[in-house]
file target-v8.tsv (TSV, C-alpha atoms)
chain	number	residue	atom	x	y	z
A	248	LEU	CA	50.37	80.69	-8.79
A	249	ILE	CA	46.73	81.69	-8.58
A	250	GLY	CA	44.71	78.74	-7.30
A	251	ALA	CA	47.69	76.92	-5.82
A	252	GLY	CA	48.99	79.22	-3.09
A	253	THR	CA	46.62	82.15	-3.46
A	254	TRP	CA	42.91	82.48	-4.20
A	255	ALA	CA	40.38	85.26	-3.70
A	256	ASP	CA	36.79	85.76	-4.75
A	257	ASP	CA	33.82	87.77	-3.47
A	258	ASP	CA	33.43	85.53	-0.41
A	259	VAL	CA	36.88	84.39	0.72
A	260	ALA	CA	40.61	84.99	0.32
A	261	VAL	CA	43.04	82.12	0.91
A	262	SER	CA	46.83	82.14	1.18
A	263	CYS	CA	48.80	78.91	1.69
A	264	THR	CA	52.38	78.03	2.59
A	265	GLY	CA	54.14	74.72	2.18
A	266	LEU	CA	55.83	72.51	-0.41
A	267	GLY	CA	54.86	74.17	-3.68
A	268	GLU	CA	54.58	71.06	-5.85
A	269	PHE	CA	51.79	69.62	-3.71
A	270	PHE	CA	49.93	72.91	-3.55
A	271	ILE	CA	50.10	73.18	-7.34
A	272	ARG	CA	48.99	69.58	-7.87
A	273	THR	CA	45.95	70.04	-5.63
A	274	SER	CA	45.16	73.70	-6.43
A	275	ALA	CA	45.15	74.01	-2.66
A	276	ALA	CA	43.96	77.59	-2.20
A	277	HIS	CA	41.14	77.15	-4.70
A	278	ASP	CA	40.26	73.78	-3.13
A	279	VAL	CA	39.74	75.44	0.26
A	280	ALA	CA	37.49	78.11	-1.25
A	281	ALA	CA	35.52	75.53	-3.28
A	282	ARG	CA	34.96	73.33	-0.21
A	283	MET	CA	33.56	76.35	1.62
A	284	ARG	CA	31.33	77.43	-1.28
A	285	TYR	CA	30.03	74.10	-2.55
A	286	SER	CA	30.18	71.88	0.55
A	287	GLY	CA	29.28	74.53	3.11
A	288	LEU	CA	32.35	73.78	5.22
A	289	SER	CA	33.79	76.33	7.63
A	290	LEU	CA	37.24	77.74	6.88
A	291	ARG	CA	38.77	75.46	9.52
A	292	GLU	CA	37.03	72.36	8.10
A	293	ALA	CA	37.88	73.21	4.50
A	294	ALA	CA	41.54	73.88	5.29
A	295	ALA	CA	41.84	70.66	7.32
A	296	ALA	CA	40.33	68.61	4.47
A	297	THR	CA	42.65	70.17	1.90
A	298	LEU	CA	45.71	69.67	4.11
A	299	ALA	CA	44.72	66.03	4.65
A	300	LYS	CA	44.62	65.59	0.86
A	301	ILE	CA	48.07	67.20	0.54
A	302	ARG	CA	49.51	64.98	3.28
A	303	ARG	CA	48.13	61.83	1.60
A	304	LEU	CA	50.20	62.83	-1.45
A	305	GLY	CA	53.33	63.25	0.71
A	306	GLY	CA	53.26	67.03	1.07
A	307	ASP	CA	52.97	69.33	4.06
A	308	GLY	CA	51.97	72.90	4.72
A	309	GLY	CA	49.65	75.20	6.55
call {"tool": "encode", "arguments": {"input": "target-v8.tsv", "output": "C-alpha cells"}}
result
Amino acid sequence: LIGAGTWADDDVAVSCTGLGEFFIRTSAAHDVAARMRYSGLSLREAAAATLAKIRRLGGDGG
C-alpha cells in the first residue's frame, strides 16, 4: 500500500518491512518522509521516530 510500506516523492523514497497492520495504521513510509520534510529530521532520525511510534502500538519492523 502506498504510504504504508512504500512512499516516494521528489526528495525521498522510503520502503518499510514489518508487521503490515501497524505500518498501515501509522502510514509508516509516508510518516518517515513527512518527518524529514516538515520537521527537518535526518533519515535516521525520522525512521527511528516512526519505528518508536509503531513499537508503542505493539508492532515491529525496520
call {"tool": "residues_around", "arguments": {"input": "target-v8.tsv", "residues": "stretch 280-289 of chain A", "least_positions_apart": "3", "cutoff": "10 Å", "atoms": "all atoms listed in the file", "output": "list of chain:residue names"}}
result
A:Gly250, A:Trp254, A:Ala255, A:Asp256, A:Asp258, A:Val259, A:Ala260, A:Val261, A:Ala275, A:Ala276, A:His277, A:Glu292, A:Ala293, A:Ala294, A:Ala295, A:Ala296, A:Thr297
call {"tool": "closest_residue", "arguments": {"input": "target-v8.tsv", "among": "A:Leu248, A:Leu304, A:Ala299, A:Val279", "to": "A:Gly267", "atoms": "all atoms listed in the file"}}
result
A:Leu248
call {"tool": "atom_distance", "arguments": {"input": "target-v8.tsv", "atom1": "atom CA of A:Arg303", "atom2": "atom CA of A:Thr264"}}
result
16.8 Å
call {"tool": "closest_residue", "arguments": {"input": "target-v8.tsv", "among": "A:Gly305, A:Phe270, A:Asp278, A:Arg291", "to": "A:Gly252", "atoms": "all atoms listed in the file"}}
result
A:Phe270
call {"tool": "atom_distance", "arguments": {"input": "target-v8.tsv", "atom1": "atom CA of A:Ser274", "atom2": "atom CA of A:Ile301"}}
result
10.0 Å
call {"tool": "atom_distance", "arguments": {"input": "target-v8.tsv", "atom1": "atom CA of A:Asp307", "atom2": "atom CA of A:Leu266"}}
result
6.2 Å
call {"tool": "axis_aligned_box", "arguments": {"input": "target-v8.tsv", "around": "stretch 265-270 of chain A", "padding_each_side": "6 Å", "output": "lines of an AutoDock Vina configuration file"}}
result
center_x = 52.9
center_y = 72.2
center_z = -1.8
size_x = 17.9
size_y = 17.1
size_z = 20.0
